[in-house]
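Visitor: Shown below is the structure under consideration.
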Amino acid sequence: MRTVTSRERAAAQAYLRLLESTQAVLSDPRLEPYAAAMLTHPMAEADEALRAAGLSGNEAHLLRLVAALRASPAAERGRPV
C-alpha cells in the first residue's frame, strides 16, 4: 500500500467539502436559486486541488482516496487526516 501524498489528501478533502456544500445548498429550497453562486468557490477549490495532485481525469483513484479518508478513525473524530 502506498502512502497518500499531502496533495492527494488535500484533493480528497476539497472534494468532500464540495460534496457537503452541494448537499447543503440543494437540500434547502430557499438556497437552490443561488446554488451556482454559492458553489463557485468550492468547485474552483476542488478543481485546483485535483490538478495539483494530478488527479484530474482519475476519478477511480480520487474516490478510493475519499473512501479511505472517510473511513479513517481521525476523520470520525473530526480531526484532519
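In the C-alpha cells, the first chain shown is A, the next is B, and so on; residue numbers restart at 1 for each chain, and ligands run from 1 in the order shown.
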Excluding Leu50 (chain A) and residues on its chain fewer than 6 positions from it, collect all residues at most 10 Å away from it, counting only C-alpha atoms, and give them as a PyMOL selection string.
Guide: chain A and resi 7-12+14-15+44+56-59+62
Visitor: Write a file of the just-selected residues containing N, CA, C and O atoms, as an mmCIF file, in the first residue's frame.
Guide:
```
data_model
loop_
_atom_site.group_PDB
_atom_site.id
_atom_site.type_symbol
_atom_site.label_atom_id
_atom_site.label_comp_id
_atom_site.auth_asym_id
_atom_site.auth_seq_id
_atom_site.Cartn_x
_atom_site.Cartn_y
_atom_site.Cartn_z
ATOM 1 N N ARG A 7 -0.906 16.372 -1.225
ATOM 2 C CA ARG A 7 -1.741 16.925 -2.305
ATOM 3 C C ARG A 7 -2.944 16.039 -2.595
ATOM 4 O O ARG A 7 -4.030 16.525 -2.869
ATOM 5 N N GLU A 8 -2.729 14.733 -2.553
ATOM 6 C CA GLU A 8 -3.858 13.820 -2.751
ATOM 7 C C GLU A 8 -4.866 13.964 -1.617
ATOM 8 O O GLU A 8 -6.075 13.989 -1.847
ATOM 9 N N ARG A 9 -4.376 14.063 -0.392
ATOM 10 C CA ARG A 9 -5.251 14.241 0.767
ATOM 11 C C ARG A 9 -6.022 15.555 0.632
ATOM 12 O O ARG A 9 -7.230 15.610 0.865
ATOM 13 N N ALA A 10 -5.337 16.614 0.230
ATOM 14 C CA ALA A 10 -5.997 17.915 0.057
ATOM 15 C C ALA A 10 -7.070 17.841 -1.025
ATOM 16 O O ALA A 10 -8.147 18.435 -0.885
ATOM 17 N N ALA A 11 -6.801 17.105 -2.090
ATOM 18 C CA ALA A 11 -7.788 16.956 -3.165
ATOM 19 C C ALA A 11 -9.017 16.200 -2.674
ATOM 20 O O ALA A 11 -10.153 16.591 -2.960
ATOM 21 N N ALA A 12 -8.808 15.134 -1.918
ATOM 22 C CA ALA A 12 -9.935 14.365 -1.379
ATOM 23 C C ALA A 12 -10.741 15.214 -0.410
ATOM 24 O O ALA A 12 -11.975 15.199 -0.422
ATOM 25 N N ALA A 14 -10.964 18.527 -0.410
ATOM 26 C CA ALA A 14 -11.664 19.549 -1.198
ATOM 27 C C ALA A 14 -12.890 18.954 -1.876
ATOM 28 O O ALA A 14 -13.956 19.587 -1.936
ATOM 29 N N TYR A 15 -12.765 17.725 -2.382
ATOM 30 C CA TYR A 15 -13.902 17.050 -2.999
ATOM 31 C C TYR A 15 -15.008 16.840 -1.966
ATOM 32 O O TYR A 15 -16.184 17.070 -2.252
ATOM 33 N N ALA A 44 -14.125 25.555 -7.630
ATOM 34 C CA ALA A 44 -12.799 26.015 -8.051
ATOM 35 C C ALA A 44 -11.712 25.415 -7.158
ATOM 36 O O ALA A 44 -10.655 24.997 -7.647
ATOM 37 N N SER A 56 -6.885 14.952 -11.958
ATOM 38 C CA SER A 56 -7.874 15.308 -12.970
ATOM 39 C C SER A 56 -8.007 14.158 -13.946
ATOM 40 O O SER A 56 -7.015 13.694 -14.507
ATOM 41 N N GLY A 57 -9.217 13.665 -14.118
ATOM 42 C CA GLY A 57 -9.449 12.550 -15.022
ATOM 43 C C GLY A 57 -9.188 11.185 -14.405
ATOM 44 O O GLY A 57 -9.309 10.178 -15.074
ATOM 45 N N ASN A 58 -8.823 11.143 -13.150
ATOM 46 C CA ASN A 58 -8.563 9.868 -12.483
ATOM 47 C C ASN A 58 -9.552 9.698 -11.330
ATOM 48 O O ASN A 58 -9.171 9.665 -10.167
ATOM 49 N N GLU A 59 -10.824 9.611 -11.692
ATOM 50 C CA GLU A 59 -11.887 9.551 -10.692
ATOM 51 C C GLU A 59 -11.788 8.311 -9.814
ATOM 52 O O GLU A 59 -12.075 8.372 -8.616
ATOM 53 N N LEU A 62 -9.304 9.028 -7.102
ATOM 54 C CA LEU A 62 -9.865 10.041 -6.203
ATOM 55 C C LEU A 62 -10.897 9.416 -5.268
ATOM 56 O O LEU A 62 -10.872 9.643 -4.059
#
```
Visitor: Would you kindly return, as a VMD selection string, each protein, DNA or RNA residue with an atom no farther than 9 Å from any atom of Pro42 (chain A), considering only C-alpha atoms and excluding same-chain residues fewer than 4 positions away?
Guide: chain A and resid 14 to 15 17 to 19 21 to 22 38 46 to 47
Visitor: Tell me, which residues of chain A carry DSSP alpha helix (DSSP H), written as a ChimeraX atom specification?
Guide: /A:6-27,35-52,59-71,73-76
Visitor: Take CA of Ala68 (chain A) and CA of Glu45 (chain A) and report the distance between them in Å, one decimal.
Guide: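 These two atoms are separated by 20.4 Å.
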Visitor: Using only C-alpha atoms, pick whichever of A:Ala49, A:Leu65, A:Val25, A:Leu55 has the shortest atom-to-atom distance to Ala37 (chain A).
Guide: A:Val25
